[in-house]
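Participant: Below is a structure I'd like to ask you about.
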Amino acid sequence: MPTVRKSVLVSRPAPTMFALVDDVESYPKFLPWCSATQVFERTESVTRARLDIDYHGLASHISTRNVKQPPGDMVLEFVDGPFERFRGRWSFVPLGEEGCRVEFALDYAFSSGALEAVLGPVFGHIIETLVDRFVARAQDEDAP
C-alpha cells in the first residue's frame, strides 16, 4: 500500500503549473515512460483520460478521472488499470505572482501480488520521478 508525497517550489505561477499537469496530450513529449495518451472528456471541472505506459518493455495503462478546481487542485480518481486502489491529488499553492509550491500525493495498491511483483518497481520509479519531470518541463522555455 504505497503512499507517495512530494512537494517542490517552482518559479512558475500556479495557473501555469496547473495547465501543464492538465495538458495530458503533451505527456509523451516529456514523460519517457508515457507512450501515448487519449483524452475522453475535458471540461472546466473534469479531465478523463488514459495514459499508456511503456517502460523498458513493460507495458500497461491507467485511466483516471481528474476532478479539477483550477488553478489550485486536481484530484485523480481511478477508472481503469492494474490497480485495486489508486487515488491522488495535485495541489498548486501560489507563492507571490511568480512562483508556487507544487504538492503531489498518491495512494495506490496493485490488484494482485503478481502485478505488484512485475509492475511495482517500474511504477514506483515513475511515481518517484513524476514531479521532477513536470518541474523540468516547466523550466523548459518551450513549455506552455
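Letters A, B, ... mark the chains of the C-alpha cells in the order given; residue numbers begin at 1 per chain; ligand numbers begin at 1, in order shown.
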Would you mind listing what lies within 12 Å of segment 19-22 of chain A as a PyMOL selection string, with only C-alpha atoms counted and same-chain residues fewer than 5 positions away left out?
Facilitator: chain A and resi 12-14+27+30-31+39+41-49+64-76+89-92+102-104+130-131+133-140+142-144
Participant: Considering only C-alpha atoms, return as an MDAnalysis selection string whatever protein or nucleic-acid residues lie within 12 Å of Ser112 of chain A, sequence-local ones (same chain, fewer than 4 positions apart) excluded.
Facilitator: chainID A and resid 1 81:85 116:120
Participant: Residues near Ile62 of chain A, anyone? I mean within 6 Å using only C-alpha atoms, not counting same-chain ones fewer than 3 positions away, as a ChimeraX atom specification.
Facilitator: /A:50-51,80-81
Participant: Report the residues of segment 10-70 of chain A whose backbone DSSP state falls under alpha helix (DSSP H), written as a PDB file with C-alpha atoms, in the first residue's frame.
Facilitator:
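Output file states09.pdb follows:
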```
ATOM      1  CA  ALA A  14       0.176  28.156 -10.029  1.00  0.00           C
ATOM      2  CA  PRO A  15      -2.097  28.547 -13.108  1.00  0.00           C
ATOM      3  CA  THR A  16       0.830  27.668 -15.388  1.00  0.00           C
ATOM      4  CA  MET A  17       1.675  24.541 -13.404  1.00  0.00           C
ATOM      5  CA  PHE A  18      -1.980  23.531 -13.242  1.00  0.00           C
ATOM      6  CA  ALA A  19      -2.273  23.860 -17.040  1.00  0.00           C
ATOM      7  CA  LEU A  20       0.921  21.843 -17.528  1.00  0.00           C
ATOM      8  CA  VAL A  21      -0.426  18.937 -15.458  1.00  0.00           C
ATOM      9  CA  ASP A  22      -3.821  19.138 -17.190  1.00  0.00           C
ATOM     10  CA  TYR A  27       2.824  13.894 -21.711  1.00  0.00           C
ATOM     11  CA  PRO A  28       4.551  11.702 -24.336  1.00  0.00           C
ATOM     12  CA  LYS A  29       6.798  14.687 -25.200  1.00  0.00           C
ATOM     13  CA  PHE A  30       8.439  14.817 -21.749  1.00  0.00           C
TER      14      PHE A  30
END
```
